[in-house]
Amino acid sequence: MNARRLALLAAAATAAAATAFVAYAAAATSSSQASMPNMVMSHATESQTVVSQVLARQLAAGRLATAKYATSLAAAKQDGYFIITRDIPDMGWHFLNPKVTKFDIRKPPILVYNRRGSQWQLVAFEWVFPKKPTTTPLPGATYGTFGAACHYKDGTFVFKASQDECAPKSPQTGAAFGFWHPDFVTLHVWLWYPNPSGLYSGMNPLMHPFNS
């Protein structure tokens, strides 16, 4: 077999693998969104993310400031973070620190973790806004939405338009009511785990193996 034929076969194999990966990512994201109709997530690609020196410095500051939480959920809890959602497919478990009220890449209000057995790993940050910010907090940021919901002490939640509709206990587990929030605009930043769908994408196909 000559060199030209080998090169053509290699190119064909590479194209087939890329096509299969894209199809898998699209299917995983579509499946996750179908199960959460009240959530709309951004789908930026890496080529759409403005990787400027300003953004690079901000991301570096965020990683350094949150390194202590990277594999220690206990450290995050000690600093005031508590569970607000269990595992959302292709995203993760969300933990909120209600004392964080301003945008600061070094201190995100929501930490997103994945879990394998008893091991936890920080994968992303999240911010929520009542409406899309007029001034973007990070270069190239894209946004999703999360519908109004009742949240319970164990991380279960139910989408409801008003707090008056919240049951005093979780319909799924019986856990006590925690809080209700209105519709939110969301911003995810995948600072601790790679995301082929983009730095700001809501969903991450690489989270699929961690889905509960």
# chains A, B, ... in the order shown; residues from 1 in each chain; ligands from 1
$ residues_around --residues "Phe125 in chain A" --least-positions-apart "3" --cutoff "6 Å" --atoms "only C-alpha atoms" --output "MDAnalysis selection string"
chainID A and resid 110:112 188:189
$ residues_around --residues "Ala67 in chain A" --least-positions-apart "2" --cutoff "12 Å" --atoms "only C-alpha atoms" --output "MDAnalysis selection string"
chainID A and resid 60:65 69:73 75:76 106:107 111 121:123 191:192
$ closest_residue --among "A:Pro182, A:Pro139, A:Gly80, A:Pro109" --to "Ala56 in chain A" --atoms "only C-alpha atoms"
A:Pro139
$ residues_around --residues "Arg116 in chain A" --least-positions-apart "6" --cutoff "12 Å" --atoms "only C-alpha atoms" --output "JSON, numbers by chain"
{"A": [71, 87, 92, 93, 122, 207, 208, 209, 210, 211, 212]}
$ write_last_selection --atoms "C-alpha atoms" --output "CSV table (one decimal), in the first residue's frame"
chain,number,residue,atom,x,y,z
A,71,THR,CA,-11.4,18.1,45.1
A,87,ASP,CA,-27.1,16.0,39.7
A,92,GLY,CA,-23.5,18.4,37.8
A,93,TRP,CA,-24.5,19.1,41.4
A,122,LEU,CA,-15.3,20.9,41.1
A,207,MET,CA,-20.1,15.0,32.1
A,208,HIS,CA,-22.2,12.2,30.6
A,209,PRO,CA,-20.3,9.4,32.5
A,210,PHE,CA,-21.0,11.1,35.8
A,211,ASN,CA,-24.8,11.3,35.3
A,212,SER,CA,-26.7,9.7,38.1
$ residues_around --residues "Ala176 in chain A" --least-positions-apart "4" --cutoff "8 Å" --atoms "only C-alpha atoms" --output "list in words"
Tyr152, Lys153, Asp154, Pro168, Lys169 and Ser170 of chain A
$ write_last_selection --atoms "C-alpha atoms" --output "PDB file, in the first residue's frame"
ATOM      1  CA  TYR A 152     -35.614  21.781  49.029  1.00  0.00           C
ATOM      2  CA  LYS A 153     -32.975  21.132  51.673  1.00  0.00           C
ATOM      3  CA  ASP A 154     -31.624  17.981  50.012  1.00  0.00           C
ATOM      4  CA  PRO A 168     -43.799  22.439  52.302  1.00  0.00           C
ATOM      5  CA  LYS A 169     -41.897  19.208  51.601  1.00  0.00           C
ATOM      6  CA  SER A 170     -40.207  17.844  48.495  1.00  0.00           C
TER       7      SER A 170
END
$ atom_distance --atom1 "CA of Asp90 in chain A" --atom2 "CA of Pro205 in chain A"
5.9 Å
$ residues_around --residues "Pro133 in chain A" --least-positions-apart "5" --cutoff "12 Å" --atoms "only C-alpha atoms" --output "ChimeraX atom specification"
/A:103,127-128,138,141-143,184-187
